[in-house]
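A.B. asks: Below are the structure tokens for one structure; questions will follow.
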Amino acid sequence: MTNAHVDLYSSIHKGQRTRFFKIAMTAGTIDYNDRNALEKFHEELRAFKEEMRVHASLEEKFIHPLLSNRVPGGARRL
């Protein structure tokens, strides 16, 4: 039996950074006179904000306690 390393942080956070980058690129290139594009952009911002809120809540509730058990005080630094 091997001691497999489970990475709970990299994949999800890379995906979040990619999505945030795409949102930033859209903000820099969107035609602010295009009402439909603005509504779509607003919905993407709203959805991302909600995803980040839920993510942070779940991370604090489930992941940080696990980290604290392995590395006392480790979750506080995050």
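Following the order of the structure tokens, chains are lettered A, B, ..., residues in each are numbered from 1, and ligands are numbered from 1.
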Region 40-54 of chain A: which residues within 12 Å, counting only C-alpha atoms, same-chain residues fewer than 3 positions away excluded, as a ChimeraX atom specification?
C.D. replies: /A:12-13,15-32,34-37,57-62
A.B. asks: Once you have the residues from the selection above, write them out as an mmCIF file, in the first residue's frame, restricted to C-alpha atoms.
C.D. replies:
data_model
loop_
_atom_site.group_PDB
_atom_site.id
_atom_site.type_symbol
_atom_site.label_atom_id
_atom_site.label_comp_id
_atom_site.auth_asym_id
_atom_site.auth_seq_id
_atom_site.Cartn_x
_atom_site.Cartn_y
_atom_site.Cartn_z
ATOM 1 C CA ILE A 12 -10.095 23.616 -8.311
ATOM 2 C CA HIS A 13 -8.058 26.774 -7.789
ATOM 3 C CA GLY A 15 -9.998 26.351 -12.674
ATOM 4 C CA GLN A 16 -11.137 29.341 -10.639
ATOM 5 C CA ARG A 17 -8.136 31.410 -11.742
ATOM 6 C CA THR A 18 -8.807 30.468 -15.375
ATOM 7 C CA ARG A 19 -12.442 31.519 -15.077
ATOM 8 C CA PHE A 20 -11.511 34.775 -13.354
ATOM 9 C CA PHE A 21 -8.957 35.499 -16.089
ATOM 10 C CA LYS A 22 -11.622 34.948 -18.772
ATOM 11 C CA ILE A 23 -13.974 37.296 -16.923
ATOM 12 C CA ALA A 24 -11.230 39.929 -16.768
ATOM 13 C CA MET A 25 -10.524 39.513 -20.482
ATOM 14 C CA THR A 26 -14.218 39.952 -21.249
ATOM 15 C CA ALA A 27 -14.346 43.087 -19.089
ATOM 16 C CA GLY A 28 -11.483 44.515 -21.131
ATOM 17 C CA THR A 29 -12.976 43.734 -24.524
ATOM 18 C CA ILE A 30 -16.770 43.901 -24.111
ATOM 19 C CA ASP A 31 -18.784 46.434 -26.074
ATOM 20 C CA TYR A 32 -20.437 48.349 -23.251
ATOM 21 C CA ASP A 34 -24.244 46.003 -26.344
ATOM 22 C CA ARG A 35 -27.049 45.398 -23.846
ATOM 23 C CA ASN A 36 -27.170 41.644 -24.472
ATOM 24 C CA ALA A 37 -23.424 41.268 -23.975
ATOM 25 C CA SER A 57 -17.732 28.335 2.856
ATOM 26 C CA LEU A 58 -17.201 24.664 2.021
ATOM 27 C CA GLU A 59 -13.432 25.007 2.204
ATOM 28 C CA GLU A 60 -13.621 26.559 5.657
ATOM 29 C CA LYS A 61 -16.117 23.952 6.863
ATOM 30 C CA PHE A 62 -14.511 20.781 5.470
#
A.B. asks: Just list the residues in chain A DSSP gives helix (DSSP H, G or I) on the backbone, as a ChimeraX atom specification.
C.D. replies: /A:10-29,35-70,74-77
A.B. asks: Have a look at CA of Leu67 (chain A) and CA of Leu8 (chain A) and let me know their distance in Å, one decimal.
C.D. replies: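 That distance, rounded to one decimal, is 10.4 Å.
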A.B. asks: Got a sec: who's within 10 Å of Pro65 (chain A), counting only C-alpha atoms, leaving out chain neighbours fewer than 6 positions off, as a CSV table (one decimal) with N, CA and C atoms, in the first residue's frame?
C.D. replies:
chain,number,residue,atom,x,y,z
A,59,GLU,N,-14.9,25.2,1.9
A,59,GLU,CA,-13.4,25.0,2.2
A,59,GLU,C,-13.2,25.2,3.7
A,71,VAL,N,-1.6,19.8,10.2
A,71,VAL,CA,-0.6,20.9,10.5
A,71,VAL,C,-1.3,21.9,11.4
A,72,PRO,N,-1.1,21.8,12.7
A,72,PRO,CA,-1.7,22.7,13.6
A,72,PRO,C,-1.5,24.2,13.2
A,73,GLY,N,-2.5,24.9,13.0
A,73,GLY,CA,-2.4,26.3,12.6
A,73,GLY,C,-2.2,26.5,11.1
A,74,GLY,N,-2.1,25.4,10.4
A,74,GLY,CA,-1.9,25.5,8.9
A,74,GLY,C,-3.0,26.2,8.2
A,75,ALA,N,-4.3,26.0,8.6
A,75,ALA,CA,-5.4,26.6,7.9
A,75,ALA,C,-5.5,28.1,8.1
